[in-house]
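target18.cif, holding mmCIF, N, CA and C atoms:
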```cif
data_work
#
loop_
_atom_site.label_atom_id
_atom_site.label_comp_id
_atom_site.auth_asym_id
_atom_site.auth_seq_id
_atom_site.Cartn_x
_atom_site.Cartn_y
_atom_site.Cartn_z
N MET N 30 58.73 136.69 70.18
CA MET N 30 60.02 136.48 70.81
C MET N 30 61.08 136.49 69.71
N GLY N 31 62.12 137.27 69.88
CA GLY N 31 63.19 137.39 68.88
C GLY N 31 64.07 136.15 68.82
N ARG N 32 64.60 135.92 67.66
CA ARG N 32 65.52 134.79 67.48
C ARG N 32 66.94 135.29 67.59
N TYR N 33 67.74 134.54 68.28
CA TYR N 33 69.16 134.88 68.39
C TYR N 33 69.90 134.23 67.23
N PRO N 34 70.77 134.97 66.57
CA PRO N 34 71.53 134.34 65.48
C PRO N 34 72.49 133.30 66.04
N ARG N 35 72.73 132.27 65.23
CA ARG N 35 73.72 131.27 65.65
C ARG N 35 75.10 131.90 65.68
N ARG N 36 75.88 131.45 66.61
CA ARG N 36 77.26 131.88 66.68
C ARG N 36 78.03 131.21 65.55
N VAL N 37 78.80 131.98 64.83
CA VAL N 37 79.61 131.44 63.74
C VAL N 37 80.81 130.71 64.35
N HIS N 38 81.07 129.52 63.85
CA HIS N 38 82.26 128.80 64.28
C HIS N 38 83.00 128.34 63.03
N ARG N 39 84.22 127.89 63.22
CA ARG N 39 85.06 127.46 62.11
C ARG N 39 85.53 126.04 62.37
N SER N 40 85.81 125.31 61.27
CA SER N 40 86.38 123.97 61.40
C SER N 40 87.15 123.62 60.14
N ARG N 41 88.01 122.59 60.28
CA ARG N 41 88.79 122.09 59.15
C ARG N 41 89.24 120.67 59.45
N VAL N 42 89.50 119.91 58.39
CA VAL N 42 90.16 118.62 58.57
C VAL N 42 91.59 118.93 58.97
N SER N 43 91.97 118.47 60.14
CA SER N 43 93.32 118.76 60.63
C SER N 43 94.23 117.55 60.62
N THR N 44 93.65 116.36 60.72
CA THR N 44 94.47 115.17 60.94
C THR N 44 93.89 113.97 60.19
N LEU N 45 94.75 113.22 59.53
CA LEU N 45 94.42 111.92 58.95
C LEU N 45 95.15 110.89 59.79
N LEU N 46 94.39 110.00 60.42
CA LEU N 46 94.99 108.96 61.26
C LEU N 46 94.82 107.60 60.60
N ILE N 47 95.91 106.88 60.55
CA ILE N 47 95.93 105.52 60.04
C ILE N 47 95.94 104.63 61.28
N ASP N 48 94.75 104.16 61.66
CA ASP N 48 94.61 103.36 62.87
C ASP N 48 94.98 101.91 62.57
N VAL N 49 95.86 101.34 63.38
CA VAL N 49 96.29 99.96 63.20
C VAL N 49 96.35 99.28 64.57
N PRO N 50 96.12 97.97 64.60
CA PRO N 50 96.27 97.28 65.88
C PRO N 50 97.65 97.55 66.47
N ARG N 51 97.69 97.74 67.77
CA ARG N 51 98.90 98.13 68.49
C ARG N 51 100.13 97.31 68.09
N GLU N 52 99.98 95.99 67.96
CA GLU N 52 101.13 95.14 67.64
C GLU N 52 101.64 95.35 66.21
N ASP N 53 100.81 95.92 65.34
CA ASP N 53 101.21 96.16 63.95
C ASP N 53 101.70 97.58 63.70
N ALA N 54 101.64 98.44 64.71
CA ALA N 54 101.97 99.85 64.52
C ALA N 54 103.39 100.08 64.01
N PRO N 55 104.42 99.44 64.56
CA PRO N 55 105.77 99.69 64.04
C PRO N 55 105.93 99.34 62.55
N SER N 56 105.41 98.19 62.13
CA SER N 56 105.56 97.81 60.72
C SER N 56 104.68 98.70 59.83
N ALA N 57 103.52 99.09 60.31
CA ALA N 57 102.66 99.98 59.53
C ALA N 57 103.32 101.35 59.37
N ALA N 58 103.91 101.87 60.44
CA ALA N 58 104.59 103.17 60.37
C ALA N 58 105.75 103.10 59.37
N ALA N 59 106.51 102.02 59.41
CA ALA N 59 107.63 101.86 58.47
C ALA N 59 107.12 101.79 57.03
N PHE N 60 106.03 101.06 56.81
CA PHE N 60 105.45 100.96 55.48
C PHE N 60 105.02 102.33 54.98
N TRP N 61 104.20 103.04 55.75
CA TRP N 61 103.67 104.33 55.30
C TRP N 61 104.78 105.36 55.14
N SER N 62 105.77 105.31 55.98
CA SER N 62 106.91 106.21 55.85
C SER N 62 107.59 106.01 54.49
N SER N 63 107.86 104.76 54.16
CA SER N 63 108.50 104.45 52.87
C SER N 63 107.57 104.72 51.70
N ALA N 64 106.31 104.34 51.83
CA ALA N 64 105.36 104.52 50.74
C ALA N 64 105.15 105.99 50.39
N LEU N 65 105.15 106.85 51.42
CA LEU N 65 104.88 108.28 51.20
C LEU N 65 106.15 109.11 51.11
N GLY N 66 107.30 108.50 51.37
CA GLY N 66 108.58 109.21 51.26
C GLY N 66 108.78 110.27 52.32
N VAL N 67 108.31 109.98 53.53
CA VAL N 67 108.44 110.91 54.65
C VAL N 67 108.98 110.16 55.86
N PRO N 68 109.55 110.88 56.82
CA PRO N 68 110.05 110.19 58.02
C PRO N 68 108.90 109.70 58.90
N ALA N 69 109.18 108.70 59.71
CA ALA N 69 108.25 108.22 60.74
C ALA N 69 108.84 108.63 62.07
N LEU N 70 108.18 109.55 62.76
CA LEU N 70 108.72 110.11 64.00
C LEU N 70 107.79 109.86 65.17
N PRO N 71 108.32 109.29 66.26
CA PRO N 71 107.50 109.12 67.46
C PRO N 71 107.04 110.49 67.96
N VAL N 72 105.86 110.52 68.56
CA VAL N 72 105.33 111.75 69.13
C VAL N 72 105.59 111.71 70.63
N PRO N 73 106.50 112.56 71.14
CA PRO N 73 106.83 112.54 72.57
C PRO N 73 105.60 112.72 73.44
N GLY N 74 105.47 111.86 74.44
CA GLY N 74 104.36 111.93 75.38
C GLY N 74 103.07 111.32 74.86
N GLU N 75 103.04 110.91 73.61
CA GLU N 75 101.85 110.28 73.03
C GLU N 75 102.32 109.06 72.24
N GLU N 76 102.70 108.04 72.99
CA GLU N 76 103.36 106.87 72.42
C GLU N 76 102.51 106.12 71.41
N GLN N 77 101.20 106.32 71.41
CA GLN N 77 100.35 105.61 70.45
C GLN N 77 100.45 106.21 69.04
N PHE N 78 101.10 107.38 68.90
CA PHE N 78 101.19 108.04 67.60
C PHE N 78 102.60 107.99 67.03
N THR N 79 102.69 107.78 65.72
CA THR N 79 103.92 107.95 64.96
C THR N 79 103.59 108.93 63.85
N SER N 80 104.20 110.11 63.89
CA SER N 80 103.92 111.16 62.93
C SER N 80 104.58 110.87 61.59
N LEU N 81 103.90 111.26 60.52
CA LEU N 81 104.42 111.16 59.15
C LEU N 81 104.41 112.57 58.56
N PRO N 82 105.30 113.45 59.07
CA PRO N 82 105.24 114.86 58.67
C PRO N 82 105.46 115.07 57.17
N GLY N 83 104.62 115.92 56.60
CA GLY N 83 104.74 116.25 55.19
C GLY N 83 104.01 115.30 54.25
N ALA N 84 103.36 114.27 54.77
CA ALA N 84 102.68 113.30 53.91
C ALA N 84 101.51 113.93 53.15
N VAL N 85 100.73 114.77 53.83
CA VAL N 85 99.60 115.46 53.22
C VAL N 85 99.73 116.93 53.60
N PRO N 86 99.88 117.83 52.63
CA PRO N 86 100.05 119.25 52.96
C PRO N 86 98.91 119.80 53.82
N ASN N 87 99.27 120.57 54.82
CA ASN N 87 98.33 121.22 55.74
C ASN N 87 97.49 120.27 56.58
N VAL N 88 97.84 118.98 56.59
CA VAL N 88 97.10 118.00 57.39
C VAL N 88 98.13 117.14 58.13
N VAL N 89 97.97 117.04 59.45
CA VAL N 89 98.82 116.15 60.24
C VAL N 89 98.47 114.72 59.83
N THR N 90 99.46 113.92 59.53
CA THR N 90 99.23 112.53 59.15
C THR N 90 100.04 111.65 60.10
N SER N 91 99.37 110.68 60.73
CA SER N 91 100.03 109.84 61.73
C SER N 91 99.48 108.43 61.69
N VAL N 92 100.32 107.48 62.10
CA VAL N 92 99.88 106.13 62.41
C VAL N 92 99.50 106.15 63.88
N GLN N 93 98.34 105.58 64.21
CA GLN N 93 97.89 105.51 65.60
C GLN N 93 97.69 104.05 65.99
N ALA N 94 98.36 103.63 67.05
CA ALA N 94 98.18 102.28 67.59
C ALA N 94 96.87 102.25 68.37
N VAL N 95 96.00 101.32 68.03
CA VAL N 95 94.69 101.22 68.68
C VAL N 95 94.44 99.78 69.12
N ASP N 96 93.54 99.62 70.05
CA ASP N 96 93.10 98.30 70.47
C ASP N 96 91.79 97.98 69.75
N ASP N 97 91.85 98.02 68.43
CA ASP N 97 90.66 97.84 67.62
C ASP N 97 91.10 97.43 66.21
N GLN N 98 90.18 97.45 65.29
CA GLN N 98 90.46 97.04 63.91
C GLN N 98 91.17 98.14 63.12
N PRO N 99 91.85 97.77 62.03
CA PRO N 99 92.49 98.77 61.19
C PRO N 99 91.44 99.61 60.46
N ARG N 100 91.73 100.89 60.31
CA ARG N 100 90.83 101.81 59.62
C ARG N 100 91.55 103.14 59.45
N TYR N 101 90.94 104.05 58.76
CA TYR N 101 91.40 105.43 58.67
C TYR N 101 90.35 106.28 59.36
N HIS N 102 90.78 107.34 59.99
CA HIS N 102 89.79 108.30 60.48
C HIS N 102 90.34 109.71 60.42
N LEU N 103 89.42 110.66 60.33
CA LEU N 103 89.78 112.07 60.27
C LEU N 103 89.50 112.75 61.59
N ASP N 104 90.34 113.72 61.93
CA ASP N 104 90.05 114.64 63.02
C ASP N 104 89.62 115.96 62.39
N ILE N 105 88.52 116.49 62.88
CA ILE N 105 88.07 117.81 62.46
C ILE N 105 88.32 118.75 63.63
N GLU N 106 89.20 119.70 63.38
CA GLU N 106 89.60 120.68 64.39
C GLU N 106 88.62 121.86 64.32
N THR N 107 88.23 122.38 65.47
CA THR N 107 87.25 123.47 65.50
C THR N 107 87.49 124.41 66.67
N ASP N 108 86.98 125.62 66.52
CA ASP N 108 87.04 126.58 67.62
C ASP N 108 85.80 126.48 68.51
N ASP N 109 84.87 125.54 68.21
CA ASP N 109 83.68 125.32 69.03
C ASP N 109 83.25 123.86 68.88
N VAL N 110 83.74 123.00 69.77
CA VAL N 110 83.48 121.56 69.68
C VAL N 110 81.99 121.27 69.73
N GLU N 111 81.26 121.92 70.63
CA GLU N 111 79.82 121.64 70.76
C GLU N 111 79.07 122.01 69.48
N ALA N 112 79.35 123.18 68.92
CA ALA N 112 78.65 123.63 67.71
C ALA N 112 79.00 122.73 66.52
N GLU N 113 80.26 122.36 66.38
CA GLU N 113 80.66 121.51 65.24
C GLU N 113 80.07 120.12 65.39
N THR N 114 80.05 119.58 66.61
CA THR N 114 79.43 118.27 66.83
C THR N 114 77.96 118.33 66.47
N ALA N 115 77.27 119.36 66.93
CA ALA N 115 75.83 119.51 66.62
C ALA N 115 75.61 119.62 65.11
N ARG N 116 76.46 120.35 64.41
CA ARG N 116 76.34 120.50 62.96
C ARG N 116 76.46 119.15 62.27
N LEU N 117 77.46 118.37 62.68
CA LEU N 117 77.68 117.06 62.05
C LEU N 117 76.57 116.07 62.39
N VAL N 118 76.04 116.15 63.60
CA VAL N 118 74.92 115.29 63.99
C VAL N 118 73.69 115.65 63.15
N ARG N 119 73.45 116.94 62.92
CA ARG N 119 72.33 117.35 62.05
C ARG N 119 72.50 116.79 60.64
N LEU N 120 73.74 116.60 60.21
CA LEU N 120 74.01 116.06 58.87
C LEU N 120 73.90 114.53 58.81
N GLY N 121 73.72 113.89 59.97
CA GLY N 121 73.52 112.44 59.99
C GLY N 121 74.53 111.63 60.77
N ALA N 122 75.55 112.27 61.33
CA ALA N 122 76.51 111.55 62.17
C ALA N 122 75.88 111.20 63.51
N VAL N 123 76.45 110.21 64.18
CA VAL N 123 75.98 109.79 65.50
C VAL N 123 77.17 109.87 66.45
N GLU N 124 76.97 110.53 67.59
CA GLU N 124 78.04 110.59 68.58
C GLU N 124 78.15 109.23 69.26
N VAL N 125 79.38 108.69 69.32
CA VAL N 125 79.57 107.38 69.93
C VAL N 125 80.43 107.41 71.19
N GLN N 126 81.17 108.49 71.39
CA GLN N 126 82.06 108.53 72.56
C GLN N 126 82.53 109.96 72.81
N ARG N 127 82.86 110.23 74.07
CA ARG N 127 83.51 111.48 74.46
C ARG N 127 84.79 111.12 75.20
N TRP N 128 85.82 111.87 74.92
CA TRP N 128 87.10 111.69 75.61
C TRP N 128 87.70 113.07 75.79
N LEU N 129 87.90 113.48 77.03
CA LEU N 129 88.35 114.83 77.36
C LEU N 129 87.45 115.82 76.63
N ASP N 130 88.02 116.73 75.84
CA ASP N 130 87.22 117.71 75.10
C ASP N 130 86.89 117.24 73.69
N CYS N 131 87.16 115.99 73.37
CA CYS N 131 86.97 115.47 72.01
C CYS N 131 85.68 114.67 71.93
N ARG N 132 85.09 114.64 70.74
CA ARG N 132 83.90 113.85 70.47
C ARG N 132 84.21 112.90 69.32
N THR N 133 83.85 111.63 69.48
CA THR N 133 83.99 110.65 68.40
C THR N 133 82.61 110.44 67.80
N LEU N 134 82.54 110.55 66.48
CA LEU N 134 81.28 110.39 65.77
C LEU N 134 81.43 109.28 64.74
N ARG N 135 80.29 108.69 64.37
CA ARG N 135 80.26 107.73 63.27
C ARG N 135 79.42 108.39 62.18
N ALA N 136 80.04 108.58 61.03
CA ALA N 136 79.38 109.21 59.89
C ALA N 136 78.49 108.19 59.17
N PRO N 137 77.50 108.66 58.41
CA PRO N 137 76.77 107.73 57.57
C PRO N 137 77.77 106.96 56.70
N GLY N 138 77.61 105.67 56.62
CA GLY N 138 78.57 104.82 55.93
C GLY N 138 79.49 104.10 56.89
N GLY N 139 79.49 104.54 58.17
CA GLY N 139 80.23 103.82 59.20
C GLY N 139 81.59 104.34 59.58
N HIS N 140 82.13 105.33 58.86
CA HIS N 140 83.47 105.84 59.18
C HIS N 140 83.47 106.66 60.46
N LEU N 141 84.55 106.53 61.21
CA LEU N 141 84.72 107.33 62.43
C LEU N 141 85.38 108.66 62.10
N LEU N 142 85.05 109.66 62.87
CA LEU N 142 85.73 110.95 62.84
C LEU N 142 85.71 111.51 64.23
N CYS N 143 86.68 112.34 64.54
CA CYS N 143 86.74 112.98 65.84
C CYS N 143 86.63 114.48 65.66
N VAL N 144 85.87 115.12 66.53
CA VAL N 144 85.81 116.58 66.58
C VAL N 144 86.70 116.97 67.75
N ILE N 145 87.73 117.76 67.45
CA ILE N 145 88.73 118.10 68.47
C ILE N 145 88.85 119.62 68.61
N PRO N 146 89.25 120.08 69.79
CA PRO N 146 89.45 121.53 69.97
C PRO N 146 90.62 122.03 69.14
N LEU N 147 90.58 123.29 68.85
CA LEU N 147 91.64 123.96 68.11
C LEU N 147 93.00 123.65 68.73
N HIS N 148 93.93 123.17 67.89
CA HIS N 148 95.27 122.87 68.40
C HIS N 148 96.37 123.40 67.50
N SER N 149 96.04 123.79 66.28
CA SER N 149 97.06 124.37 65.40
C SER N 149 97.16 125.86 65.67
N ASP N 150 98.16 126.49 65.08
CA ASP N 150 98.28 127.93 65.30
C ASP N 150 97.11 128.64 64.61
N ARG N 151 96.69 129.76 65.18
CA ARG N 151 95.50 130.48 64.73
C ARG N 151 95.59 130.87 63.25
N GLU N 152 96.76 131.32 62.80
CA GLU N 152 96.91 131.75 61.41
C GLU N 152 96.66 130.59 60.44
N SER N 153 97.23 129.44 60.72
CA SER N 153 97.02 128.26 59.88
C SER N 153 95.55 127.83 59.91
N PHE N 154 94.97 127.84 61.09
CA PHE N 154 93.57 127.46 61.24
C PHE N 154 92.68 128.39 60.41
N GLU N 155 92.86 129.69 60.54
CA GLU N 155 92.04 130.65 59.81
C GLU N 155 92.21 130.47 58.31
N ALA N 156 93.43 130.20 57.84
CA ALA N 156 93.71 130.07 56.41
C ALA N 156 93.12 128.79 55.82
N ASN N 157 92.93 127.77 56.63
CA ASN N 157 92.52 126.46 56.11
C ASN N 157 91.15 125.99 56.59
N SER N 158 90.42 126.82 57.31
CA SER N 158 89.13 126.39 57.84
C SER N 158 87.97 127.07 57.12
N ARG N 159 86.79 126.55 57.37
CA ARG N 159 85.56 127.11 56.82
C ARG N 159 84.70 127.64 57.96
N ALA N 160 83.95 128.69 57.68
CA ALA N 160 83.03 129.26 58.67
C ALA N 160 81.66 128.62 58.51
N TRP N 161 81.03 128.33 59.65
CA TRP N 161 79.69 127.75 59.68
C TRP N 161 78.85 128.58 60.63
N GLY N 162 77.55 128.63 60.40
CA GLY N 162 76.72 129.34 61.36
C GLY N 162 75.36 129.65 60.91
#
```
In structure tokens, write the structure found in this file.
Amino acid sequence: MGRYPRRVHRSRVSTLLIDVPREDAPSAAAFWSSALGVPALPVPGEEQFTSLPGAVPNVVTSVQAVDDQPRYHLDIETDDVEAETARLVRLGAVEVQRWLDCRTLRAPGGHLLCVIPLHSDRESFEANSRAWG
């Protein structure tokens, strides 16, 4: 029986989120804005996020209000959520939650990361992502 080659998919770190308890989000956003020398801008329609544009080149950086403990987490953007999730699980991550088309994983060492569908423009994604397969 012939083997089918794996479909090649691409992924990249797209977002650095500074997760803070909801009540601390305004002061945390003000701190990070001043510390990094960038504006703190609300994200329309997504009130839990305050964007810090330009803080990290080619990576969206935001403060996220959460009902949990403070931490940092990365979003990995991909053109194939299922394939990227499977790749990371093979590397030792554990899937802990699904939300819409996103997967939340816990990496070895305990850090959270999210695998999210492609949301940046295709040209930027192609220029900053890696191929897997």
According to DSSP computed on the backbone, where in chain N is there helix (DSSP H, G or I)? Give the residues as an MDAnalysis selection string. chainID N and resid 51:65 110:119 151:157
What is the distance between atom N of Gly121 (chain N) and atom N of Ser40 (chain N), in Å to one decimal?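 Atom-to-atom, atom N of Gly121 (chain N) and atom N of Ser40 (chain N) are spaced 16.7 Å apart.
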From the list N:Val95, N:Val88, N:Leu103, N:Val144, which residue is nearest Arg116 (chain N) when using only C-alpha atoms?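 Under the stated criterion, the closest residue is N:Val144.
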Do you know which residues the PyMOL selection byres ((chain N and resi 89) around 6.5) returns on this file, as a ChimeraX atom specification? /N:43-46,81,85-88,90-91
Distance in Å - atom C of Gly162 (chain N) versus atom C of Leu117 (chain N):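 About the pair atom C of Gly162 (chain N) and atom C of Leu117 (chain N): they are 13.7 Å apart.
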Just list as a PyMOL selection string whatever in region 52-90 of chain N DSSP marks as strand (DSSP E). chain N and resi 70-71+78-80+89-90
Give me the residues near Arg51 (chain N) as an MDAnalysis selection string, where near means some atom within 7 Å (using only C-alpha atoms) and where sequence neighbours in that chain fewer than 3 positions away do not count. chainID N and resid 54 94:96
From the set N:Val123, N:Val110, N:Val37, N:Ala58, which residue has the shortest atom-to-atom contact distance to Trp161 (chain N), counting only C-alpha atoms?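 Comparing N:Val123, N:Val110, N:Val37, N:Ala58 against Trp161 (chain N), the winner is N:Val37.
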Any idea what's packed within 5 Å of Thr107 (chain N), counting all atoms listed in the file, ignoring anything in its chain fewer than 5 positions away? Could you give it as JSON, numbers by chain? {"N": [39, 40, 145, 146, 147]}
Measuring atom to atom with only N, CA and C atoms, identify which of N:Leu141, N:Val92, N:Val49, N:Val125 is nearest to Gln77 (chain N). N:Val92
Residue among N:Gly83, N:Ala112, N:Arg159, N:Gly138 lying closest to Pro68 (chain N), counting only N, CA and C atoms: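 Using only N, CA and C atoms, the shortest distance to Pro68 (chain N) belongs to N:Gly83.
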